file data-v8.json (JSON, C-alpha atoms)
[["chain", "number", "residue", "atom", "x", "y", "z"],
["A", 1, "MET", "CA", -107.75, 20.99, 38.29],
["A", 2, "THR", "CA", -110.55, 23.52, 38.53],
["A", 3, "GLY", "CA", -108.58, 26.51, 37.30],
["A", 4, "THR", "CA", -109.49, 28.37, 40.42],
["A", 5, "THR", "CA", -107.27, 31.22, 41.52],
["A", 6, "MET", "CA", -107.32, 33.17, 44.74],
["A", 7, "SER", "CA", -105.68, 36.07, 46.44],
["A", 8, "HIS", "CA", -105.62, 37.10, 50.05],
["A", 9, "VAL", "CA", -104.99, 40.16, 52.17],
["A", 10, "VAL", "CA", -103.88, 40.03, 55.78],
["A", 11, "ASP", "CA", -105.87, 42.83, 57.40],
["A", 12, "GLY", "CA", -105.91, 41.73, 61.00],
["A", 13, "ASP", "CA", -103.80, 40.31, 63.79],
["A", 14, "SER", "CA", -104.84, 39.14, 67.23],
["A", 15, "HIS", "CA", -102.34, 38.32, 69.92],
["A", 16, "GLU", "CA", -103.13, 36.18, 72.92],
["A", 17, "VAL", "CA", -104.35, 37.86, 76.10],
["A", 18, "LEU", "CA", -101.53, 38.47, 78.56],
["A", 19, "PRO", "CA", -102.63, 37.53, 82.08],
["A", 20, "ASN", "CA", -102.49, 39.98, 84.96],
["A", 21, "ARG", "CA", -102.64, 38.25, 88.30],
["A", 22, "ALA", "CA", -103.04, 41.44, 90.33],
["A", 23, "LEU", "CA", -106.12, 42.46, 88.39],
["A", 24, "ALA", "CA", -107.46, 38.93, 88.34],
["A", 25, "ARG", "CA", -107.32, 38.72, 92.12],
["A", 26, "LEU", "CA", -108.89, 42.13, 92.56],
["A", 27, "ILE", "CA", -111.71, 41.32, 90.16],
["A", 28, "ASP", "CA", -112.18, 37.97, 91.89],
["A", 29, "ALA", "CA", -112.49, 39.66, 95.29],
["A", 30, "ASN", "CA", -115.11, 42.04, 93.98],
["A", 31, "LEU", "CA", -116.98, 39.36, 92.09],
["A", 32, "ARG", "CA", -117.25, 37.36, 95.31],
["A", 33, "ALA", "CA", -118.56, 40.46, 97.08],
["A", 34, "VAL", "CA", -121.20, 40.92, 94.39],
["A", 35, "GLY", "CA", -122.01, 37.24, 94.07],
["A", 36, "PRO", "CA", -122.96, 35.20, 91.00],
["A", 37, "PRO", "CA", -126.14, 35.95, 89.04],
["A", 38, "ARG", "CA", -129.28, 35.03, 90.99],
["A", 39, "PHE", "CA", -131.04, 32.89, 88.45],
["A", 40, "ASP", "CA", -134.54, 31.60, 89.17],
["A", 41, "ASP", "CA", -136.46, 28.55, 88.01],
["A", 42, "ALA", "CA", -137.76, 30.36, 84.93],
["A", 43, "ASP", "CA", -134.19, 31.15, 83.88],
["A", 44, "ARG", "CA", -133.14, 27.54, 84.44],
["A", 45, "ALA", "CA", -136.09, 26.25, 82.47],
["A", 46, "PHE", "CA", -135.29, 28.52, 79.54],
["A", 47, "ALA", "CA", -131.64, 27.46, 79.63],
["A", 48, "ARG", "CA", -132.64, 23.79, 79.74],
["A", 49, "ALA", "CA", -134.84, 24.30, 76.70],
["A", 50, "THR", "CA", -131.91, 25.71, 74.74],
["A", 51, "GLN", "CA", -129.76, 22.72, 75.69],
["A", 52, "LYS", "CA", -131.99, 20.18, 73.91],
["A", 53, "ASP", "CA", -129.89, 20.24, 70.75],
["A", 54, "PHE", "CA", -126.64, 19.48, 72.59],
["A", 55, "GLU", "CA", -124.92, 16.29, 71.47],
["A", 56, "GLN", "CA", -123.84, 15.57, 75.04],
["A", 57, "ALA", "CA", -125.98, 16.01, 78.13],
["A", 58, "VAL", "CA", -124.87, 18.56, 80.70],
["A", 59, "ASP", "CA", -125.49, 18.33, 84.41],
["A", 60, "ARG", "CA", -126.80, 21.84, 84.98],
["A", 61, "ALA", "CA", -128.87, 24.48, 83.27],
["A", 62, "LEU", "CA", -126.73, 27.45, 84.19],
["A", 63, "PHE", "CA", -123.39, 27.93, 85.88],
["A", 64, "GLU", "CA", -124.16, 29.57, 89.20],
["A", 65, "ASP", "CA", -120.85, 29.39, 91.05],
["A", 66, "ILE", "CA", -117.64, 31.41, 91.01],
["A", 67, "VAL", "CA", -114.55, 29.75, 89.59],
["A", 68, "PRO", "CA", -111.42, 30.39, 91.67],
["A", 69, "VAL", "CA", -108.56, 32.24, 90.04],
["A", 70, "PRO", "CA", -106.38, 29.41, 88.69],
["A", 71, "ALA", "CA", -102.91, 28.85, 90.08],
["A", 72, "GLU", "CA", -101.53, 29.20, 86.58],
["A", 73, "PRO", "CA", -103.20, 31.25, 83.85],
["A", 74, "GLY", "CA", -104.57, 29.32, 80.92],
["A", 75, "GLN", "CA", -105.05, 30.23, 77.29],
["A", 76, "GLY", "CA", -108.57, 29.88, 75.99],
["A", 77, "ALA", "CA", -109.33, 28.59, 72.50],
["A", 78, "PHE", "CA", -110.57, 31.90, 71.11],
["A", 79, "SER", "CA", -109.27, 35.16, 69.77],
["A", 80, "THR", "CA", -110.21, 38.64, 70.90],
["A", 81, "ASP", "CA", -108.96, 42.13, 70.09],
["A", 82, "GLN", "CA", -108.61, 42.49, 73.84],
["A", 83, "GLY", "CA", -105.43, 40.47, 73.34],
["A", 84, "ASP", "CA", -103.44, 43.20, 71.63],
["A", 85, "LEU", "CA", -104.57, 45.71, 74.25],
["A", 86, "SER", "CA", -103.21, 43.46, 76.97],
["A", 87, "TRP", "CA", -99.75, 43.82, 75.42],
["A", 88, "ARG", "CA", -99.98, 47.61, 75.81],
["A", 89, "VAL", "CA", -101.60, 48.14, 79.20],
["A", 90, "PRO", "CA", -102.39, 46.02, 82.26],
["A", 91, "THR", "CA", -105.64, 44.28, 81.38],
["A", 92, "GLY", "CA", -108.08, 42.28, 83.42],
["A", 93, "SER", "CA", -111.48, 40.90, 82.56],
["A", 94, "LEU", "CA", -114.16, 38.58, 83.81],
["A", 95, "ASP", "CA", -116.68, 36.27, 82.25],
["A", 96, "VAL", "CA", -120.15, 35.99, 83.73],
["A", 97, "ALA", "CA", -122.59, 33.22, 82.83],
["A", 98, "ALA", "CA", -125.01, 34.82, 80.38],
["A", 99, "TYR", "CA", -126.32, 31.71, 78.63],
["A", 100, "ALA", "CA", -126.95, 28.03, 79.15],
["A", 101, "PHE", "CA", -124.14, 25.93, 80.56],
["A", 102, "GLY", "CA", -122.23, 24.28, 77.73],
["A", 103, "ALA", "CA", -123.60, 26.45, 74.93],
["A", 104, "PRO", "CA", -121.03, 26.95, 72.17],
["A", 105, "GLY", "CA", -119.89, 30.49, 71.47],
["A", 106, "HIS", "CA", -121.77, 32.44, 68.81],
["A", 107, "SER", "CA", -124.57, 29.88, 68.76],
["A", 108, "TRP", "CA", -128.29, 30.59, 68.69],
["A", 109, "GLN", "CA", -128.44, 29.44, 72.30],
["A", 110, "VAL", "CA", -126.13, 32.29, 73.28],
["A", 111, "ALA", "CA", -128.03, 34.84, 71.22],
["A", 112, "ALA", "CA", -131.36, 33.74, 72.63],
["A", 113, "ALA", "CA", -130.28, 33.93, 76.25],
["A", 114, "ALA", "CA", -128.76, 37.39, 75.80],
["A", 115, "GLY", "CA", -132.20, 38.82, 75.25],
["A", 116, "THR", "CA", -133.66, 37.29, 78.39],
["A", 117, "ALA", "CA", -133.33, 37.85, 82.13],
["A", 118, "ILE", "CA", -130.38, 35.46, 82.04],
["A", 119, "GLY", "CA", -128.29, 37.88, 80.02],
["A", 120, "GLU", "CA", -129.45, 40.88, 81.97],
["A", 121, "LYS", "CA", -128.67, 39.33, 85.35],
["A", 122, "ALA", "CA", -125.19, 38.52, 84.09],
["A", 123, "MET", "CA", -124.80, 42.07, 82.83],
["A", 124, "GLU", "CA", -125.74, 43.43, 86.25],
["A", 125, "VAL", "CA", -123.15, 41.28, 88.00],
["A", 126, "ALA", "CA", -120.46, 42.32, 85.53],
["A", 127, "ALA", "CA", -121.37, 46.01, 85.88],
["A", 128, "LYS", "CA", -121.21, 45.89, 89.68],
["A", 129, "THR", "CA", -117.96, 43.95, 89.69],
["A", 130, "LEU", "CA", -116.26, 46.32, 87.27],
["A", 131, "ALA", "CA", -117.60, 49.38, 89.10],
["A", 132, "ALA", "CA", -116.23, 48.08, 92.41],
["A", 133, "THR", "CA", -112.92, 47.18, 90.83],
["A", 134, "GLY", "CA", -112.64, 50.57, 89.21],
["A", 135, "TYR", "CA", -113.40, 52.17, 92.55],
["A", 136, "ASP", "CA", -110.62, 50.20, 94.22],
["A", 137, "LEU", "CA", -108.13, 51.17, 91.54],
["A", 138, "LEU", "CA", -109.08, 54.83, 91.69],
["A", 139, "THR", "CA", -108.85, 55.05, 95.46],
["A", 140, "GLN", "CA", -105.95, 52.72, 96.22],
["A", 141, "PRO", "CA", -102.77, 53.59, 94.30],
["A", 142, "ALA", "CA", -101.07, 50.51, 95.70],
["A", 143, "LEU", "CA", -103.44, 48.31, 93.74],
["A", 144, "LEU", "CA", -102.59, 50.18, 90.56],
["A", 145, "ALA", "CA", -98.93, 49.62, 91.31],
["A", 146, "GLN", "CA", -99.51, 45.90, 91.72],
["A", 147, "ALA", "CA", -101.33, 45.78, 88.40],
["A", 148, "ARG", "CA", -98.46, 47.58, 86.68],
["A", 149, "GLU", "CA", -95.88, 45.30, 88.29],
["A", 150, "SER", "CA", -97.81, 42.21, 87.27],
["A", 151, "PHE", "CA", -97.95, 43.58, 83.73],
["A", 152, "ARG", "CA", -94.23, 44.33, 83.72],
["A", 153, "GLN", "CA", -93.30, 40.84, 84.87],
["A", 154, "VAL", "CA", -95.30, 39.19, 82.10],
["A", 155, "ARG", "CA", -94.69, 41.65, 79.30],
["A", 156, "GLU", "CA", -91.02, 42.53, 79.74],
["A", 157, "PRO", "CA", -89.54, 39.19, 78.60],
["A", 158, "LEU", "CA", -91.68, 39.18, 75.47],
["A", 159, "GLU", "CA", -91.28, 40.87, 72.11],
["A", 160, "PHE", "CA", -94.39, 42.10, 70.33],
["A", 161, "GLU", "CA", -94.32, 41.06, 66.69],
["A", 162, "SER", "CA", -97.26, 42.04, 64.52],
["A", 163, "LEU", "CA", -98.26, 39.61, 61.79],
["A", 164, "LEU", "CA", -99.56, 42.47, 59.68],
["A", 165, "PRO", "CA", -97.44, 43.37, 56.63],
["A", 166, "ALA", "CA", -95.36, 46.50, 57.12],
["A", 167, "ASP", "CA", -97.33, 48.33, 54.42],
["A", 168, "ALA", "CA", -100.77, 47.22, 55.63],
["A", 169, "ARG", "CA", -103.49, 49.85, 55.78],
["A", 170, "ALA", "CA", -106.70, 49.74, 57.71],
["A", 171, "PRO", "CA", -109.60, 48.36, 55.59],
["A", 172, "GLY", "CA", -111.77, 51.05, 54.07],
["A", 173, "ALA", "CA", -114.92, 49.26, 55.12],
["A", 174, "ILE", "CA", -116.06, 46.37, 57.23],
["A", 175, "ARG", "CA", -117.31, 43.25, 55.42],
["A", 176, "GLN", "CA", -116.37, 44.35, 51.94],
["B", 177, "MET", "CA", -112.06, 40.17, 64.20],
["B", 178, "THR", "CA", -113.21, 39.40, 67.72],
["B", 179, "CYS", "CA", -114.18, 35.76, 68.04],
["B", 180, "ILE", "CA", -115.69, 35.79, 71.48],
["B", 181, "THR", "CA", -117.84, 38.18, 73.39],
["B", 182, "ARG", "CA", -116.57, 38.77, 76.86],
["B", 183, "ILE", "CA", -118.68, 40.56, 79.37],
["B", 184, "GLY", "CA", -116.79, 43.32, 80.99],
["B", 185, "THR", "CA", -113.26, 44.35, 80.16],
["B", 186, "LEU", "CA", -111.16, 46.53, 82.40],
["B", 187, "LEU", "CA", -108.14, 48.42, 81.18],
["B", 188, "VAL", "CA", -105.82, 49.91, 83.71],
["B", 189, "LEU", "CA", -102.94, 52.34, 83.48],
["B", 190, "ALA", "CA", -100.95, 51.55, 86.57],
["B", 191, "GLY", "CA", -99.31, 53.85, 89.14],
["B", 192, "ALA", "CA", -96.61, 53.06, 91.72],
["B", 193, "ALA", "CA", -96.08, 51.42, 95.20],
["B", 194, "ALA", "CA", -97.31, 48.14, 96.77],
["B", 195, "ALA", "CA", -99.88, 46.90, 99.32],
["B", 196, "ALA", "CA", -101.87, 43.95, 100.64],
["B", 197, "TRP", "CA", -104.67, 42.32, 98.65],
["B", 198, "THR", "CA", -107.06, 42.78, 101.53],
["B", 199, "ALA", "CA", -107.17, 46.48, 100.73],
["B", 200, "ALA", "CA", -109.65, 45.60, 98.01],
["B", 201, "ALA", "CA", -112.35, 45.20, 100.62],
["B", 202, "ALA", "CA", -112.07, 48.82, 101.78],
["B", 203, "GLU", "CA", -114.84, 51.42, 101.61],
["B", 204, "PRO", "CA", -117.84, 49.08, 101.68],
["B", 205, "ALA", "CA", -120.24, 52.02, 101.99],
["B", 206, "ALA", "CA", -118.95, 53.57, 98.80],
["B", 207, "LYS", "CA", -119.21, 50.26, 97.01],
["B", 208, "ALA", "CA", -122.72, 49.78, 98.28],
["B", 209, "ALA", "CA", -123.52, 53.13, 96.70],
["B", 210, "ASP", "CA", -121.96, 51.90, 93.45],
["B", 211, "PHE", "CA", -124.13, 48.81, 93.54],
["B", 212, "ALA", "CA", -127.23, 50.85, 94.32],
["B", 213, "GLU", "CA", -126.48, 53.02, 91.31],
["B", 214, "VAL", "CA", -126.26, 49.95, 89.08],
["B", 215, "ASP", "CA", -129.58, 48.81, 90.54],
["B", 216, "ARG", "CA", -131.07, 52.22, 89.77],
["B", 217, "LEU", "CA", -129.85, 51.99, 86.20],
["B", 218, "ARG", "CA", -131.14, 48.44, 85.70],
["B", 219, "PRO", "CA", -134.28, 49.43, 83.78],
["B", 220, "ARG", "CA", -132.24, 51.58, 81.42],
["B", 221, "MET", "CA", -129.64, 48.84, 80.98],
["B", 222, "SER", "CA", -132.43, 46.44, 80.16],
["B", 223, "ARG", "CA", -133.88, 48.79, 77.54],
["B", 224, "VAL", "CA", -130.46, 49.18, 75.92],
["B", 225, "ASN", "CA", -129.97, 45.41, 75.99],
["B", 226, "GLN", "CA", -133.31, 44.85, 74.31],
["B", 227, "ALA", "CA", -132.55, 47.50, 71.72],
["B", 228, "ILE", "CA", -129.24, 45.84, 70.87],
["B", 229, "TRP", "CA", -130.83, 42.42, 70.82],
["B", 230, "GLY", "CA", -133.43, 43.72, 68.40],
["B", 231, "PHE", "CA", -130.84, 44.27, 65.70],
["B", 232, "ALA", "CA", -130.63, 41.58, 63.11],
["B", 233, "GLU", "CA", -127.30, 40.01, 63.92],
["B", 234, "PRO", "CA", -127.61, 39.59, 67.71],
["B", 235, "GLY", "CA", -131.20, 38.47, 67.16],
["B", 236, "LEU", "CA", -130.08, 35.88, 64.62],
["B", 237, "GLU", "CA", -132.43, 37.31, 62.04],
["B", 238, "GLU", "CA", -130.03, 38.05, 59.20],
["B", 239, "ARG", "CA", -131.40, 37.17, 55.81],
["B", 240, "ARG", "CA", -130.09, 37.55, 52.27]]
call {"tool": "encode", "arguments": {"input": "data-v8.json", "output": "structure tokens"}}
result
Amino acid sequence: MTGTTMSHVVDGDSHEVLPNRALARLIDANLRAVGPPRFDDADRAFARATQKDFEQAVDRALFEDIVPVPAEPGQGAFSTDQGDLSWRVPTGSLDVAAYAFGAPGHSWQVAAAAGTAIGEKAMEVAAKTLAATGYDLLTQPALLAQARESFRQVREPLEFESLLPADARAPGAIRQ
Amino acid sequence: MTCITRIGTLLVLAGAAAAAWTAAAAEPAAKAADFAEVDRLRPRMSRVNQAIWGFAEPGLEERR
């Protein structure tokens, strides 16, 4: 025995993201209108250079297509504070390729690409897609209604249970 | 807390009624104006991106 003791404080909770098919389809339609990022050979070469440390080879430098909205929503292996929001309001999002294909999240490959034209081209596509989607939602009340109905169908059968203790208080500082 | 960075998140407070999905393609001229505005802002977006990237953590330059 080492005599080590420990204590812990639960100061966070992160629910899974609830899917919203209405918003997913609307975002998909606008993403297709905008098109994927237009990467060039310099972007591909940079991405390839960041893939050299990968344990398994990948067949492309960058993902340059648009993935169809899946028939059934999946649950990614990550957590995000977007999850809890999705239990409160209809929530949709999109991912745009901003780094080399196959790069693990939070890796140096991701950080490096974010500061290049790769990241900025992805940002532009995301900005245009969200602007167009926001425009649709502001000008077409029926689309808002579909988003709300999609939210209701998913959310209504569920009960939100926070894992935070009842007496939990927000941390006084980040990274204490 | 957040364990993944996702580009672009849209939160929507919904209204009422129902319609066809094809309605999303309406007002192409207005959307073209939206896109042109994003194009106009591209240099500024790039400067902001570079400024953010210059901070230690996104630039992977943290040291003890």
call {"tool": "closest_residue", "arguments": {"input": "data-v8.json", "among": "A:His106, A:Met123, A:Ala145, A:Ala111", "to": "B:Ala232", "atoms": "only C-alpha atoms"}}
result
A:Ala111
call {"tool": "closest_atom_pairs", "arguments": {"input": "data-v8.json", "of": "chain A", "to": "chain B", "cutoff": "7 Å", "atoms": "all atoms listed in the file", "output": "Markdown table"}}
result
| residue | atom | partner | partner_atom | distance |
| --- | --- | --- | --- | --- |
| A:Leu26 | CA | B:Ala200 | CA | 6.5 |
| A:Phe78 | CA | B:Cys179 | CA | 6.1 |
| A:Ser79 | CA | B:Cys179 | CA | 5.2 |
| A:Thr80 | CA | B:Thr178 | CA | 4.4 |
| A:Asp81 | CA | B:Thr178 | CA | 5.6 |
| A:Val89 | CA | B:Leu189 | CA | 6.1 |
| A:Pro90 | CA | B:Val188 | CA | 5.4 |
| A:Thr91 | CA | B:Leu187 | CA | 4.8 |
| A:Gly92 | CA | B:Leu186 | CA | 5.3 |
| A:Ser93 | CA | B:Thr185 | CA | 4.6 |
| A:Leu94 | CA | B:Gly184 | CA | 6.1 |
| A:Asp95 | CA | B:Ile183 | CA | 5.5 |
| A:Val96 | CA | B:Ile183 | CA | 6.5 |
| A:Gly105 | CA | B:Ile180 | CA | 6.8 |
| A:Trp108 | CA | B:Leu236 | CA | 6.9 |
| A:Ala111 | CA | B:Pro234 | CA | 5.9 |
| A:Gly115 | CA | B:Trp229 | CA | 5.9 |
| A:Glu120 | CA | B:Ser222 | CA | 6.6 |
| A:Ala126 | CA | B:Gly184 | CA | 5.9 |
| A:Lys128 | CA | B:Phe211 | CA | 5.7 |
| A:Leu130 | CA | B:Gly184 | CA | 7.0 |
| A:Ala131 | CA | B:Asp210 | CA | 6.7 |
| A:Ala132 | CA | B:Lys207 | CA | 5.9 |
| A:Asp136 | CA | B:Ala200 | CA | 6.0 |
| A:Pro141 | CA | B:Gly191 | CA | 6.2 |
| A:Ala142 | CA | B:Ala194 | CA | 4.6 |
| A:Leu143 | CA | B:Ala195 | CA | 6.8 |
| A:Leu144 | CA | B:Ala190 | CA | 4.5 |
| A:Ala145 | CA | B:Ala192 | CA | 4.2 |
| A:Gln146 | CA | B:Ala194 | CA | 5.9 |
| A:Ala147 | CA | B:Ala190 | CA | 6.1 |
| A:Arg148 | CA | B:Ala190 | CA | 4.7 |
call {"tool": "closest_residue", "arguments": {"input": "data-v8.json", "among": "A:Leu62, A:Ala77, A:Ala98, A:Val9", "to": "A:Arg48", "atoms": "all atoms listed in the file"}}
result
A:Leu62
call {"tool": "closest_residue", "arguments": {"input": "data-v8.json", "among": "A:Asp41, A:Asp59, A:Glu124, A:Asp84", "to": "A:Phe160", "atoms": "all atoms listed in the file"}}
result
A:Asp84
call {"tool": "atom_distance", "arguments": {"input": "data-v8.json", "atom1": "atom CA of A:Leu158", "atom2": "atom CA of A:Val10"}}
result
23.2 Å
call {"tool": "closest_residue", "arguments": {"input": "data-v8.json", "among": "A:Val154, A:Val34, A:Leu138, A:Ala61", "to": "A:Ala22", "atoms": "all atoms listed in the file"}}
result
A:Val154
call {"tool": "atom_distance", "arguments": {"input": "data-v8.json", "atom1": "atom CA of A:Asp43", "atom2": "atom CA of A:Asn30"}}
result
24.2 Å
call {"tool": "atom_distance", "arguments": {"input": "data-v8.json", "atom1": "atom CA of A:Ala100", "atom2": "atom CA of A:Leu18"}}
result
27.5 Å
call {"tool": "closest_residue", "arguments": {"input": "data-v8.json", "among": "A:Tyr135, A:Gly83, A:Glu72, A:Arg60", "to": "A:Gly102", "atoms": "only C-alpha atoms"}}
result
A:Arg60
call {"tool": "closest_residue", "arguments": {"input": "data-v8.json", "among": "A:Met1, A:Val17, A:Ala47, A:Ala117", "to": "A:Gly74", "atoms": "only C-alpha atoms"}}
result
A:Val17
call {"tool": "residues_around", "arguments": {"input": "data-v8.json", "residues": "A:Pro73", "least_positions_apart": "2", "cutoff": "9 Å", "atoms": "all atoms listed in the file", "output": "list in words"}}
result
Pro19, Asn20, Arg21, Val69, Pro70, Ala71 and Gln75 of chain A
